[in-house]
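Scroll down for the structure; my scribbles are underneath it.
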Amino acid sequence: MYDDEDATPSVALLMAVPPDQRREFQRLREMAALKGIELSPSTTDDGLVGFKIERGSESVRCTDIDSLKTQLIEFGLPLLSSEELQRLLHAFQSAFIRSMDDAAGPHGDH
């Protein structure tokens, strides 16, 4: 049985995210780092794509915009607009789905 541990997405997955969203994510990540917070995209064995926010020993996984927004507010990070956050999460989810489709190869999945 697979556990539901977070995994760091591959470089190929990150590069599949459109440049505008990659820049937006990098900007958000840099703002977080200034406050001692690590923000990273993550996936789980069951295919959930989202973001992991870590501060000290505290780690929170956000798989939707509401939870991401709530955590950013709680940690005191400057917020992107809801639309910007939605585009960012969608970009990572789309890139993950495309990478899974590519991994299925020419035969597709069953």
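Residue numbering restarts at 1 in every chain; chains get A, B, ... in the order shown in the structure tokens, and ligands count up from 1 in that same order.
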
Contacts of region 79-96 of chain A at 6 Å (only C-alpha atoms; same-chain gap of 4+ positions) as a list in words
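Listed by chain and then number, they are Leu13, Ala16, Val17, Gln21 and Val49 of chain A.
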
Can you write just those residues out, N, CA and C atoms, as a PDB file, in the first residue's frame?
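File part-v7.pdb, as written:
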```pdb
ATOM      1  N   LEU A  13       8.362  18.629 -14.276  1.00  0.00           N
ATOM      2  CA  LEU A  13       7.018  19.081 -13.926  1.00  0.00           C
ATOM      3  C   LEU A  13       7.010  20.587 -13.699  1.00  0.00           C
ATOM      4  N   ALA A  16       7.083  22.498 -16.796  1.00  0.00           N
ATOM      5  CA  ALA A  16       5.859  22.397 -17.584  1.00  0.00           C
ATOM      6  C   ALA A  16       4.840  23.464 -17.176  1.00  0.00           C
ATOM      7  N   VAL A  17       5.070  24.100 -16.027  1.00  0.00           N
ATOM      8  CA  VAL A  17       4.193  25.178 -15.571  1.00  0.00           C
ATOM      9  C   VAL A  17       4.499  26.403 -16.426  1.00  0.00           C
ATOM     10  N   GLN A  21       3.216  31.734 -14.354  1.00  0.00           N
ATOM     11  CA  GLN A  21       2.904  31.122 -13.064  1.00  0.00           C
ATOM     12  C   GLN A  21       4.176  30.724 -12.315  1.00  0.00           C
ATOM     13  N   VAL A  49      -2.255  17.301  -6.051  1.00  0.00           N
ATOM     14  CA  VAL A  49      -1.250  18.332  -6.306  1.00  0.00           C
ATOM     15  C   VAL A  49      -1.625  19.554  -5.494  1.00  0.00           C
TER      16      VAL A  49
END
```

Could you pull the residues within 9 Å of Leu68 (chain A), counting only C-alpha atoms, minus those fewer than 4 positions along the same chain, as a VMD selection string?
chain A and resid 50 to 53 61 to 64 72 to 73 85

CA of Leu28 (chain A) to CA of Gly56 (chain A), distance in Å rounded to a single decimal:
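Answer for the CA of Leu28 (chain A) to CA of Gly56 (chain A) separation: 18.1 Å.
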
I'd like the interatomic distance between CA of Thr43 (chain A) and CA of Val60 (chain A), to a tenth of an Å.
13.1 Å

Identify all residues of region 14-75 of chain A in strand (DSSP E or B) (DSSP on the backbone) and supply them as a VMD selection string.
chain A and resid 38 to 43 49 to 55 58 to 62

Quick one: write out the picked residues with N, CA, C and O atoms as a compact mmCIF listing (two decimals), in the first residue's frame?
```
# COMPACT_ATOMS: atom_id res chain seq x y z
N GLU A 38 8.94 28.13 4.32
CA GLU A 38 9.27 27.44 3.07
C GLU A 38 7.98 27.04 2.37
O GLU A 38 7.12 26.40 2.96
N LEU A 39 7.85 27.44 1.13
CA LEU A 39 6.68 27.13 0.31
C LEU A 39 7.15 26.30 -0.86
O LEU A 39 8.07 26.69 -1.56
N SER A 40 6.53 25.15 -1.05
CA SER A 40 6.94 24.30 -2.16
C SER A 40 5.74 23.56 -2.74
O SER A 40 4.80 23.24 -2.02
N PRO A 41 5.77 23.33 -4.06
CA PRO A 41 4.72 22.51 -4.66
C PRO A 41 4.96 21.07 -4.22
O PRO A 41 6.10 20.68 -3.93
N SER A 42 3.90 20.30 -4.12
CA SER A 42 4.06 18.91 -3.73
C SER A 42 2.96 18.06 -4.36
O SER A 42 1.91 18.56 -4.74
N THR A 43 3.25 16.78 -4.47
CA THR A 43 2.26 15.82 -4.94
C THR A 43 2.25 14.66 -3.96
O THR A 43 3.20 14.46 -3.21
N VAL A 49 -2.25 17.30 -6.05
CA VAL A 49 -1.25 18.33 -6.31
C VAL A 49 -1.62 19.55 -5.49
O VAL A 49 -2.78 19.96 -5.46
N GLY A 50 -0.67 20.13 -4.84
CA GLY A 50 -0.93 21.32 -4.04
C GLY A 50 0.37 21.96 -3.61
O GLY A 50 1.38 21.85 -4.30
N PHE A 51 0.33 22.60 -2.46
CA PHE A 51 1.50 23.27 -1.93
C PHE A 51 1.69 22.87 -0.48
O PHE A 51 0.73 22.65 0.25
N LYS A 52 2.95 22.80 -0.08
CA LYS A 52 3.29 22.52 1.30
C LYS A 52 3.92 23.78 1.86
O LYS A 52 4.81 24.37 1.24
N ILE A 53 3.45 24.18 3.04
CA ILE A 53 3.96 25.37 3.71
C ILE A 53 4.58 24.90 5.02
O ILE A 53 3.92 24.24 5.81
N GLU A 54 5.85 25.25 5.22
CA GLU A 54 6.55 24.84 6.43
C GLU A 54 7.13 26.04 7.15
O GLU A 54 7.73 26.91 6.51
N ARG A 55 6.94 26.06 8.45
CA ARG A 55 7.54 27.10 9.29
C ARG A 55 7.97 26.41 10.57
O ARG A 55 7.14 25.90 11.31
N GLU A 58 6.30 23.17 12.03
CA GLU A 58 4.92 23.13 11.54
C GLU A 58 4.89 22.96 10.02
O GLU A 58 5.59 23.65 9.29
N SER A 59 4.09 22.02 9.56
CA SER A 59 3.97 21.76 8.13
C SER A 59 2.49 21.62 7.79
O SER A 59 1.77 20.86 8.44
N VAL A 60 2.07 22.35 6.77
CA VAL A 60 0.67 22.34 6.35
C VAL A 60 0.61 22.08 4.86
O VAL A 60 1.36 22.67 4.09
N ARG A 61 -0.28 21.18 4.46
CA ARG A 61 -0.47 20.86 3.04
C ARG A 61 -1.76 21.52 2.57
O ARG A 61 -2.80 21.39 3.20
N CYS A 62 -1.69 22.24 1.48
CA CYS A 62 -2.85 22.94 0.93
C CYS A 62 -3.14 22.41 -0.46
O CYS A 62 -2.30 22.50 -1.35
```

Could you state the separation of CA of Ala33 (chain A) and CA of Gln71 (chain A) in Å, given to one decimal place?
14.6 Å
